[in-house]
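File shown here: entry-v9.cif, holding mmCIF, N, CA, C and O atoms and all ligand atoms.
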data_upload
#
loop_
_atom_site.label_atom_id
_atom_site.label_comp_id
_atom_site.auth_asym_id
_atom_site.auth_seq_id
_atom_site.Cartn_x
_atom_site.Cartn_y
_atom_site.Cartn_z
N MET A 1 15.31 51.65 -111.94
CA MET A 1 15.16 50.31 -111.33
C MET A 1 14.85 49.30 -112.43
O MET A 1 13.73 49.23 -112.92
N HIS A 2 15.85 48.55 -112.88
CA HIS A 2 15.63 47.63 -113.99
C HIS A 2 14.77 46.44 -113.59
O HIS A 2 14.29 45.69 -114.43
N GLU A 3 14.54 46.29 -112.29
CA GLU A 3 13.67 45.20 -111.83
C GLU A 3 12.24 45.36 -112.35
O GLU A 3 11.54 44.37 -112.50
N VAL A 4 11.82 46.61 -112.58
CA VAL A 4 10.46 46.82 -113.08
C VAL A 4 10.30 46.17 -114.45
O VAL A 4 9.32 45.49 -114.73
N GLY A 5 11.29 46.34 -115.31
CA GLY A 5 11.26 45.72 -116.63
C GLY A 5 11.27 44.20 -116.54
O GLY A 5 10.53 43.52 -117.25
N LEU A 6 12.13 43.68 -115.66
CA LEU A 6 12.22 42.22 -115.48
C LEU A 6 10.89 41.67 -114.97
O LEU A 6 10.40 40.65 -115.45
N MET A 7 10.33 42.38 -113.99
CA MET A 7 9.10 41.90 -113.37
C MET A 7 7.94 41.99 -114.36
O MET A 7 7.07 41.12 -114.37
N ARG A 8 7.97 43.03 -115.20
CA ARG A 8 6.90 43.16 -116.21
C ARG A 8 6.94 41.98 -117.17
O ARG A 8 5.90 41.42 -117.54
N ASN A 9 8.13 41.57 -117.57
CA ASN A 9 8.26 40.41 -118.46
C ASN A 9 7.70 39.15 -117.80
O ASN A 9 7.02 38.35 -118.43
N ILE A 10 8.04 38.99 -116.51
CA ILE A 10 7.56 37.81 -115.79
C ILE A 10 6.04 37.83 -115.68
O ILE A 10 5.37 36.83 -115.93
N LEU A 11 5.52 39.00 -115.33
CA LEU A 11 4.07 39.10 -115.15
C LEU A 11 3.34 38.92 -116.48
O LEU A 11 2.31 38.26 -116.54
N ASP A 12 3.88 39.48 -117.55
CA ASP A 12 3.28 39.28 -118.87
C ASP A 12 3.19 37.79 -119.20
O ASP A 12 2.17 37.31 -119.70
N ALA A 13 4.27 37.07 -118.93
CA ALA A 13 4.28 35.63 -119.19
C ALA A 13 3.26 34.91 -118.31
O ALA A 13 2.57 33.98 -118.76
N ALA A 14 3.16 35.36 -117.06
CA ALA A 14 2.21 34.74 -116.13
C ALA A 14 0.78 34.96 -116.59
O ALA A 14 -0.05 34.05 -116.58
N ILE A 15 0.50 36.19 -117.02
CA ILE A 15 -0.86 36.52 -117.47
C ILE A 15 -1.20 35.74 -118.74
O ILE A 15 -2.31 35.22 -118.89
N GLU A 16 -0.21 35.64 -119.63
CA GLU A 16 -0.44 34.89 -120.86
C GLU A 16 -0.77 33.42 -120.55
O GLU A 16 -1.70 32.84 -121.11
N ARG A 17 0.00 32.86 -119.62
CA ARG A 17 -0.23 31.46 -119.25
C ARG A 17 -1.60 31.28 -118.60
O ARG A 17 -2.34 30.33 -118.91
N ALA A 18 -1.93 32.20 -117.70
CA ALA A 18 -3.22 32.12 -116.99
C ALA A 18 -4.38 32.26 -117.97
O ALA A 18 -5.38 31.54 -117.90
N THR A 19 -4.23 33.21 -118.91
CA THR A 19 -5.29 33.45 -119.88
C THR A 19 -5.51 32.24 -120.78
O THR A 19 -6.64 31.86 -121.09
N GLN A 20 -4.40 31.61 -121.15
CA GLN A 20 -4.50 30.42 -121.99
C GLN A 20 -5.26 29.30 -121.28
O GLN A 20 -5.91 28.48 -121.92
N GLU A 21 -5.15 29.29 -119.96
CA GLU A 21 -5.86 28.25 -119.20
C GLU A 21 -7.27 28.70 -118.81
O GLU A 21 -7.94 28.02 -118.02
N GLY A 22 -7.69 29.83 -119.32
CA GLY A 22 -9.05 30.30 -119.09
C GLY A 22 -9.26 30.94 -117.73
O GLY A 22 -10.39 31.09 -117.27
N ALA A 23 -8.18 31.35 -117.06
CA ALA A 23 -8.30 31.94 -115.73
C ALA A 23 -8.62 33.43 -115.82
O ALA A 23 -8.29 34.09 -116.82
N HIS A 24 -9.26 33.95 -114.78
CA HIS A 24 -9.58 35.37 -114.73
C HIS A 24 -8.82 36.09 -113.63
O HIS A 24 -8.83 37.31 -113.56
N HIS A 25 -8.23 35.32 -112.74
CA HIS A 25 -7.46 35.92 -111.65
C HIS A 25 -6.19 35.13 -111.40
O HIS A 25 -6.18 33.91 -111.54
N ILE A 26 -5.16 35.86 -110.99
CA ILE A 26 -3.94 35.21 -110.51
C ILE A 26 -3.82 35.55 -109.03
O ILE A 26 -3.91 36.73 -108.66
N TYR A 27 -3.65 34.53 -108.21
CA TYR A 27 -3.57 34.75 -106.77
C TYR A 27 -2.14 34.71 -106.24
O TYR A 27 -1.79 35.42 -105.30
N THR A 28 -1.35 33.87 -106.83
CA THR A 28 0.05 33.76 -106.41
C THR A 28 0.94 33.59 -107.63
O THR A 28 0.62 32.82 -108.53
N VAL A 29 2.02 34.34 -107.66
CA VAL A 29 3.05 34.14 -108.66
C VAL A 29 4.29 33.67 -107.89
O VAL A 29 4.83 34.41 -107.07
N GLU A 30 4.67 32.44 -108.14
CA GLU A 30 5.84 31.87 -107.45
C GLU A 30 7.00 31.88 -108.44
O GLU A 30 6.87 31.35 -109.55
N ILE A 31 8.10 32.50 -108.06
CA ILE A 31 9.24 32.57 -108.97
C ILE A 31 10.48 31.93 -108.33
O ILE A 31 10.58 31.79 -107.12
N ARG A 32 11.40 31.57 -109.21
CA ARG A 32 12.70 31.05 -108.78
C ARG A 32 13.72 32.16 -109.03
O ARG A 32 13.86 32.62 -110.16
N LEU A 33 14.41 32.56 -107.97
CA LEU A 33 15.40 33.63 -108.08
C LEU A 33 16.77 33.09 -107.67
O LEU A 33 16.98 32.71 -106.52
N GLY A 34 17.68 33.06 -108.63
CA GLY A 34 19.02 32.59 -108.35
C GLY A 34 19.82 33.61 -107.57
O GLY A 34 19.65 34.81 -107.75
N GLU A 35 20.69 33.12 -106.70
CA GLU A 35 21.54 34.01 -105.89
C GLU A 35 22.45 34.86 -106.76
O GLU A 35 22.85 35.95 -106.38
N ALA A 36 22.81 34.33 -107.93
CA ALA A 36 23.75 35.04 -108.80
C ALA A 36 23.03 35.78 -109.93
O ALA A 36 23.65 36.20 -110.90
N ALA A 37 21.73 35.94 -109.81
CA ALA A 37 20.96 36.61 -110.86
C ALA A 37 21.20 38.12 -110.85
O ALA A 37 20.86 38.81 -111.81
N GLY A 38 21.75 38.62 -109.77
CA GLY A 38 22.04 40.05 -109.69
C GLY A 38 20.80 40.90 -109.48
O GLY A 38 20.76 42.06 -109.89
N VAL A 39 19.80 40.31 -108.85
CA VAL A 39 18.54 41.02 -108.63
C VAL A 39 18.23 40.98 -107.13
O VAL A 39 18.29 39.92 -106.51
N ALA A 40 17.89 42.13 -106.58
CA ALA A 40 17.55 42.21 -105.17
C ALA A 40 16.09 41.84 -104.95
O ALA A 40 15.21 42.33 -105.65
N GLU A 41 15.87 40.96 -103.97
CA GLU A 41 14.52 40.49 -103.68
C GLU A 41 13.58 41.66 -103.36
O GLU A 41 12.45 41.70 -103.84
N GLU A 42 14.06 42.61 -102.56
CA GLU A 42 13.23 43.74 -102.16
C GLU A 42 12.80 44.56 -103.39
O GLU A 42 11.65 44.99 -103.49
N SER A 43 13.72 44.78 -104.32
CA SER A 43 13.40 45.53 -105.52
C SER A 43 12.38 44.80 -106.37
O SER A 43 11.49 45.42 -106.97
N LEU A 44 12.51 43.47 -106.43
CA LEU A 44 11.55 42.68 -107.20
C LEU A 44 10.16 42.81 -106.61
O LEU A 44 9.17 42.93 -107.33
N GLU A 45 10.09 42.76 -105.27
CA GLU A 45 8.78 42.86 -104.62
C GLU A 45 8.16 44.23 -104.88
O GLU A 45 6.96 44.33 -105.13
N GLN A 46 8.98 45.27 -104.82
CA GLN A 46 8.46 46.62 -105.11
C GLN A 46 8.00 46.71 -106.56
O GLN A 46 6.94 47.28 -106.85
N ALA A 47 8.78 46.14 -107.46
CA ALA A 47 8.43 46.16 -108.88
C ALA A 47 7.12 45.42 -109.13
O ALA A 47 6.28 45.85 -109.92
N PHE A 48 6.95 44.32 -108.41
CA PHE A 48 5.72 43.53 -108.57
C PHE A 48 4.49 44.35 -108.20
O PHE A 48 3.47 44.30 -108.90
N GLU A 49 4.60 45.11 -107.12
CA GLU A 49 3.48 45.96 -106.69
C GLU A 49 3.12 46.97 -107.77
O GLU A 49 1.96 47.33 -107.94
N ILE A 50 4.14 47.45 -108.49
CA ILE A 50 3.91 48.45 -109.54
C ILE A 50 3.26 47.82 -110.77
O ILE A 50 2.25 48.31 -111.28
N VAL A 51 3.85 46.72 -111.25
CA VAL A 51 3.41 46.19 -112.54
C VAL A 51 2.10 45.41 -112.47
O VAL A 51 1.44 45.22 -113.49
N LYS A 52 1.71 44.96 -111.28
CA LYS A 52 0.48 44.15 -111.21
C LYS A 52 -0.79 44.99 -111.25
O LYS A 52 -1.89 44.46 -111.44
N LYS A 53 -0.66 46.30 -111.05
CA LYS A 53 -1.83 47.18 -111.04
C LYS A 53 -2.60 47.09 -112.36
O LYS A 53 -2.02 47.08 -113.44
N ASP A 54 -3.94 47.05 -112.24
CA ASP A 54 -4.82 47.01 -113.41
C ASP A 54 -4.58 45.80 -114.30
O ASP A 54 -4.73 45.86 -115.52
N THR A 55 -4.15 44.70 -113.69
CA THR A 55 -4.06 43.44 -114.44
C THR A 55 -4.86 42.38 -113.67
O THR A 55 -5.33 42.65 -112.55
N ILE A 56 -4.95 41.18 -114.25
CA ILE A 56 -5.69 40.12 -113.55
C ILE A 56 -4.89 39.60 -112.36
O ILE A 56 -5.36 38.77 -111.59
N ALA A 57 -3.68 40.12 -112.19
CA ALA A 57 -2.85 39.73 -111.05
C ALA A 57 -2.85 40.81 -109.96
O ALA A 57 -2.02 40.79 -109.06
N GLU A 58 -3.82 41.71 -110.04
CA GLU A 58 -3.84 42.84 -109.12
C GLU A 58 -3.82 42.41 -107.65
O GLU A 58 -3.23 43.07 -106.81
N MET A 59 -4.50 41.30 -107.35
CA MET A 59 -4.58 40.83 -105.96
C MET A 59 -3.48 39.80 -105.65
O MET A 59 -3.48 39.21 -104.57
N ALA A 60 -2.60 39.57 -106.58
CA ALA A 60 -1.66 38.46 -106.43
C ALA A 60 -0.56 38.74 -105.42
O ALA A 60 -0.16 39.86 -105.18
N HIS A 61 -0.08 37.64 -104.87
CA HIS A 61 1.03 37.65 -103.92
C HIS A 61 2.25 37.08 -104.63
O HIS A 61 2.13 36.12 -105.39
N LEU A 62 3.38 37.69 -104.40
CA LEU A 62 4.62 37.21 -105.01
C LEU A 62 5.37 36.34 -104.02
O LEU A 62 5.66 36.76 -102.90
N GLN A 63 5.66 35.12 -104.44
CA GLN A 63 6.46 34.23 -103.58
C GLN A 63 7.80 33.97 -104.27
O GLN A 63 7.83 33.55 -105.43
N ILE A 64 8.86 34.23 -103.55
CA ILE A 64 10.20 34.10 -104.14
C ILE A 64 10.91 32.90 -103.54
O ILE A 64 11.09 32.81 -102.32
N ASN A 65 11.27 31.97 -104.39
CA ASN A 65 12.07 30.81 -103.96
C ASN A 65 13.52 31.03 -104.38
O ASN A 65 13.80 31.25 -105.55
N HIS A 66 14.40 30.97 -103.44
CA HIS A 66 15.80 31.23 -103.74
C HIS A 66 16.51 29.98 -104.25
O HIS A 66 16.30 28.89 -103.72
N VAL A 67 17.33 30.18 -105.27
CA VAL A 67 18.10 29.08 -105.85
C VAL A 67 19.58 29.33 -105.54
O VAL A 67 20.12 30.37 -105.94
N PRO A 68 20.23 28.44 -104.80
CA PRO A 68 21.63 28.66 -104.46
C PRO A 68 22.53 28.58 -105.69
O PRO A 68 22.21 27.90 -106.66
N THR A 69 23.64 29.26 -105.63
CA THR A 69 24.60 29.24 -106.73
C THR A 69 25.40 27.94 -106.70
O THR A 69 25.84 27.48 -105.64
N VAL A 70 25.57 27.34 -107.87
CA VAL A 70 26.44 26.18 -108.01
C VAL A 70 27.43 26.47 -109.13
O VAL A 70 27.03 26.85 -110.24
N SER A 71 28.71 26.34 -108.82
CA SER A 71 29.76 26.55 -109.81
C SER A 71 30.40 25.23 -110.18
O SER A 71 30.26 24.23 -109.48
N TYR A 72 31.12 25.27 -111.29
CA TYR A 72 31.80 24.06 -111.77
C TYR A 72 33.24 24.39 -112.12
O TYR A 72 33.51 25.39 -112.80
N CYS A 73 34.17 23.57 -111.64
CA CYS A 73 35.58 23.74 -111.97
C CYS A 73 36.00 22.67 -112.97
O CYS A 73 35.94 21.47 -112.67
N PRO A 74 36.42 23.09 -114.19
CA PRO A 74 36.82 22.10 -115.20
C PRO A 74 38.13 21.40 -114.86
O PRO A 74 38.37 20.27 -115.29
N ASN A 75 38.99 22.05 -114.08
CA ASN A 75 40.27 21.42 -113.69
C ASN A 75 40.04 20.22 -112.79
O ASN A 75 40.65 19.17 -112.95
N CYS A 76 39.16 20.40 -111.82
CA CYS A 76 38.94 19.37 -110.81
C CYS A 76 37.71 18.51 -111.13
O CYS A 76 37.48 17.49 -110.47
N ASN A 77 36.92 18.94 -112.14
CA ASN A 77 35.69 18.25 -112.51
C ASN A 77 34.75 18.09 -111.31
O ASN A 77 34.23 17.01 -111.04
N ILE A 78 34.59 19.18 -110.55
CA ILE A 78 33.67 19.14 -109.41
C ILE A 78 32.72 20.34 -109.48
O ILE A 78 33.03 21.36 -110.06
N GLU A 79 31.56 20.14 -108.87
CA GLU A 79 30.63 21.24 -108.65
C GLU A 79 30.75 21.67 -107.20
O GLU A 79 30.98 20.84 -106.33
N PHE A 80 30.60 22.96 -106.97
CA PHE A 80 30.73 23.46 -105.60
C PHE A 80 29.88 24.70 -105.42
O PHE A 80 29.46 25.33 -106.40
N GLN A 81 29.61 25.03 -104.16
CA GLN A 81 28.89 26.26 -103.85
C GLN A 81 29.91 27.34 -103.53
O GLN A 81 30.65 27.23 -102.56
N PRO A 82 29.99 28.37 -104.36
CA PRO A 82 30.98 29.43 -104.13
C PRO A 82 30.69 30.18 -102.84
O PRO A 82 29.53 30.37 -102.48
N ILE A 83 31.75 30.57 -102.15
CA ILE A 83 31.55 31.27 -100.88
C ILE A 83 31.56 32.78 -101.06
O ILE A 83 31.14 33.51 -100.20
N ASP A 84 32.05 33.27 -102.20
CA ASP A 84 31.98 34.71 -102.46
C ASP A 84 31.85 34.93 -103.96
O ASP A 84 31.68 33.99 -104.73
N LEU A 85 31.93 36.18 -104.37
CA LEU A 85 31.65 36.52 -105.77
C LEU A 85 32.82 36.22 -106.71
O LEU A 85 32.75 36.53 -107.90
N LEU A 86 33.89 35.62 -106.19
CA LEU A 86 35.00 35.24 -107.07
C LEU A 86 34.77 33.87 -107.70
O LEU A 86 35.47 33.48 -108.63
N TYR A 87 33.78 33.13 -107.18
CA TYR A 87 33.50 31.77 -107.69
C TYR A 87 34.78 30.94 -107.76
O TYR A 87 35.10 30.33 -108.77
N GLU A 88 35.50 30.96 -106.66
CA GLU A 88 36.80 30.29 -106.61
C GLU A 88 36.63 28.82 -106.25
O GLU A 88 35.91 28.47 -105.30
N CYS A 89 37.33 27.96 -107.00
CA CYS A 89 37.28 26.52 -106.73
C CYS A 89 37.90 26.23 -105.36
O CYS A 89 39.00 26.69 -105.06
N PRO A 90 37.21 25.44 -104.52
CA PRO A 90 37.76 25.14 -103.18
C PRO A 90 38.98 24.20 -103.23
O PRO A 90 39.74 24.13 -102.27
N GLU A 91 39.18 23.50 -104.35
CA GLU A 91 40.31 22.56 -104.46
C GLU A 91 41.55 23.24 -105.03
O GLU A 91 42.59 23.29 -104.41
N CYS A 92 41.43 23.78 -106.27
CA CYS A 92 42.61 24.35 -106.93
C CYS A 92 42.65 25.87 -106.87
O CYS A 92 43.61 26.48 -107.33
N HIS A 93 41.59 26.47 -106.31
CA HIS A 93 41.52 27.92 -106.09
C HIS A 93 41.52 28.75 -107.37
O HIS A 93 41.91 29.90 -107.37
N GLN A 94 41.11 28.14 -108.47
CA GLN A 94 40.95 28.93 -109.68
C GLN A 94 39.71 29.82 -109.53
O GLN A 94 38.64 29.34 -109.18
N PRO A 95 39.87 31.13 -109.78
CA PRO A 95 38.71 32.02 -109.64
C PRO A 95 37.84 32.04 -110.90
O PRO A 95 38.26 31.56 -111.95
N TYR A 96 36.67 32.60 -110.75
CA TYR A 96 35.72 32.83 -111.84
C TYR A 96 35.37 31.55 -112.58
O TYR A 96 35.41 31.48 -113.81
N CYS A 97 35.05 30.53 -111.82
CA CYS A 97 34.59 29.29 -112.45
C CYS A 97 33.19 29.49 -113.03
O CYS A 97 32.49 30.44 -112.71
N GLU A 98 32.84 28.57 -113.91
CA GLU A 98 31.54 28.61 -114.59
C GLU A 98 30.39 28.54 -113.56
O GLU A 98 30.49 27.81 -112.58
N ILE A 99 29.34 29.30 -113.82
CA ILE A 99 28.17 29.23 -112.95
C ILE A 99 27.15 28.30 -113.61
O ILE A 99 26.68 28.56 -114.71
N ARG A 100 26.87 27.20 -112.94
CA ARG A 100 25.94 26.21 -113.52
C ARG A 100 24.52 26.43 -113.08
O ARG A 100 23.58 26.00 -113.73
N GLN A 101 24.35 27.04 -111.92
CA GLN A 101 23.01 27.27 -111.40
C GLN A 101 23.07 28.51 -110.53
O GLN A 101 24.10 28.77 -109.90
N GLY A 102 21.99 29.28 -110.53
CA GLY A 102 21.96 30.46 -109.66
C GLY A 102 21.66 31.74 -110.40
O GLY A 102 21.63 32.80 -109.80
N LYS A 103 21.45 31.64 -111.73
CA LYS A 103 21.11 32.84 -112.51
C LYS A 103 19.64 32.86 -112.88
O LYS A 103 19.21 33.67 -113.70
N GLU A 104 18.86 31.97 -112.27
CA GLU A 104 17.45 31.85 -112.62
C GLU A 104 16.65 33.08 -112.21
O GLU A 104 16.85 33.65 -111.14
N LEU A 105 15.77 33.49 -113.07
CA LEU A 105 14.71 34.43 -112.72
C LEU A 105 13.54 34.02 -113.60
O LEU A 105 13.46 34.40 -114.77
N GLU A 106 12.68 33.15 -113.06
CA GLU A 106 11.65 32.53 -113.89
C GLU A 106 10.45 32.14 -113.05
O GLU A 106 10.54 32.04 -111.82
N ILE A 107 9.36 31.88 -113.73
CA ILE A 107 8.14 31.47 -113.02
C ILE A 107 8.27 30.02 -112.60
O ILE A 107 8.63 29.15 -113.40
N ALA A 108 7.98 29.76 -111.33
CA ALA A 108 7.97 28.37 -110.84
C ALA A 108 6.56 27.81 -110.93
O ALA A 108 6.35 26.70 -111.43
N SER A 109 5.58 28.58 -110.46
CA SER A 109 4.19 28.13 -110.56
C SER A 109 3.25 29.32 -110.37
O SER A 109 3.67 30.38 -109.90
N LEU A 110 2.00 29.09 -110.72
CA LEU A 110 0.98 30.12 -110.58
C LEU A 110 -0.23 29.53 -109.86
O LEU A 110 -0.56 28.36 -110.06
N ALA A 111 -0.85 30.34 -109.01
CA ALA A 111 -2.16 29.97 -108.46
C ALA A 111 -3.18 30.85 -109.16
O ALA A 111 -3.13 32.08 -109.03
N ILE A 112 -4.07 30.21 -109.94
CA ILE A 112 -5.02 30.96 -110.77
C ILE A 112 -6.42 30.39 -110.63
O ILE A 112 -6.60 29.29 -110.11
N SER A 113 -7.38 31.15 -111.05
CA SER A 113 -8.74 30.60 -111.14
C SER A 113 -9.55 31.43 -112.14
O SER A 113 -9.16 32.53 -112.49
ZN ZN B 201 39.41 23.32 -109.23
#

Exercise: express the given structure as structure tokens:
Amino acid sequence: MHEVGLMRNILDAAIERATQEGAHHIYTVEIRLGEAAGVAEESLEQAFEIVKKDTIAEMAHLQINHVPTVSYCPNCNIEFQPIDLLYECPECHQPYCEIRQGKELEIASLAIS
């Protein structure tokens, strides 16, 4: 489950940030998860339960904010929300357009004290 590694990186960053601010506990870790990040929400939640043990985030709750995918077609110079994994432009139907948003997996905010 590669989500454990991803979640450990996120939690390490969260703990580092909290520690820098002089906090002793993390209560909520809020993250932004893009639809095209290729990560399952359920797996992330399970990974969080594993990696938070014996850290200052032991009691923390994970809140996941979903970020919709936005693609860009250079032919039509438009941004659009892809309807499937082909990222096909709705105007000219070119597949595999650039993904401008939706690959996020990052900390949005922390509740600490
Ligand atoms: Zn197009």

(message) I need the residue nearest Cys92 of chain A from this list: A:Leu105, A:Ile78, A:Glu49, A:Glu16. Use only C-alpha atoms for the distance.
(response) A:Ile78

(message) Counting all atoms listed in the file, which residue out of A:Glu30, A:Glu3, A:Asp54, A:Asp12 sits closest to Ser109 of chain A?
(response) A:Glu30

(message) Using Å and a single decimal, report how far atom CA of Leu62 of chain A sits from atom CA of Ala37 of chain A.
(response) 17.4 Å

(message) Counting all atoms listed in the file, what are the residues, protein, DNA or RNA alike, that approach ligand ZN 201 (chain B) to within 7 Å? I want them as a PyMOL selection string.
(response) chain A and resi 72-78+88-94

So that I can see what lies close to Ala57 of chain A, please list as a short mmCIF file (atom, residue, chain, number, x, y, z; two decimals) with N, CA, C and O atoms, keeping the file's coordinate frame the residues with an atom at most 6 Å from it, counting all atoms listed in the file and leaving out residues fewer than 6 positions away in the same chain.
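That gives us part-v2.cif:
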data_model
loop_
_atom_site.label_atom_id
_atom_site.label_comp_id
_atom_site.auth_asym_id
_atom_site.auth_seq_id
_atom_site.Cartn_x
_atom_site.Cartn_y
_atom_site.Cartn_z
N HIS A 25 -8.23 35.32 -112.74
CA HIS A 25 -7.46 35.92 -111.65
C HIS A 25 -6.19 35.13 -111.40
O HIS A 25 -6.18 33.91 -111.54
N ILE A 26 -5.16 35.86 -110.99
CA ILE A 26 -3.94 35.21 -110.51
C ILE A 26 -3.82 35.55 -109.03
O ILE A 26 -3.91 36.73 -108.66
N TYR A 27 -3.65 34.53 -108.21
CA TYR A 27 -3.57 34.75 -106.77
C TYR A 27 -2.14 34.71 -106.24
O TYR A 27 -1.79 35.42 -105.30
#

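When all atoms listed in the file are used to compute distances to Gln101 of chain A, the closest of the residues A:Thr69, A:Thr19, A:Ser113, A:Gln63 turns out to be A:Thr69.
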
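What separates atom CA of Glu104 of chain A from atom O of Val70 of chain A is a distance of 11.1 Å.
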
Could you pull segment 46-57 of chain A out of the structure just shown and give N, CA and C atoms as a compact mmCIF listing (two decimals), in the first residue's frame?
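Result saved to selection-v1.txt:
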# COMPACT_ATOMS: atom_id res chain seq x y z
N GLN A 46 -6.85 4.76 6.02
CA GLN A 46 -6.24 3.61 6.71
C GLN A 46 -4.77 3.88 7.01
N ALA A 47 -4.08 4.47 6.04
CA ALA A 47 -2.66 4.78 6.20
C ALA A 47 -2.46 5.78 7.34
N PHE A 48 -3.38 6.74 7.42
CA PHE A 48 -3.28 7.76 8.47
C PHE A 48 -3.36 7.12 9.86
N GLU A 49 -4.27 6.16 10.01
CA GLU A 49 -4.41 5.47 11.29
C GLU A 49 -3.11 4.76 11.67
N ILE A 50 -2.40 4.25 10.66
CA ILE A 50 -1.15 3.52 10.92
C ILE A 50 -0.02 4.49 11.31
N VAL A 51 0.15 5.53 10.49
CA VAL A 51 1.35 6.37 10.68
C VAL A 51 1.23 7.35 11.84
N LYS A 52 0.01 7.64 12.30
CA LYS A 52 -0.12 8.63 13.38
C LYS A 52 0.20 8.05 14.76
N LYS A 53 0.27 6.73 14.86
CA LYS A 53 0.55 6.09 16.16
C LYS A 53 1.88 6.58 16.73
N ASP A 54 1.87 6.84 18.05
CA ASP A 54 3.08 7.26 18.77
C ASP A 54 3.67 8.56 18.22
N THR A 55 2.81 9.42 17.70
CA THR A 55 3.27 10.76 17.31
C THR A 55 2.37 11.78 18.01
N ILE A 56 2.70 13.07 17.84
CA ILE A 56 1.86 14.10 18.47
C ILE A 56 0.52 14.22 17.75
N ALA A 57 0.35 13.47 16.67
CA ALA A 57 -0.91 13.47 15.94
C ALA A 57 -1.75 12.23 16.25
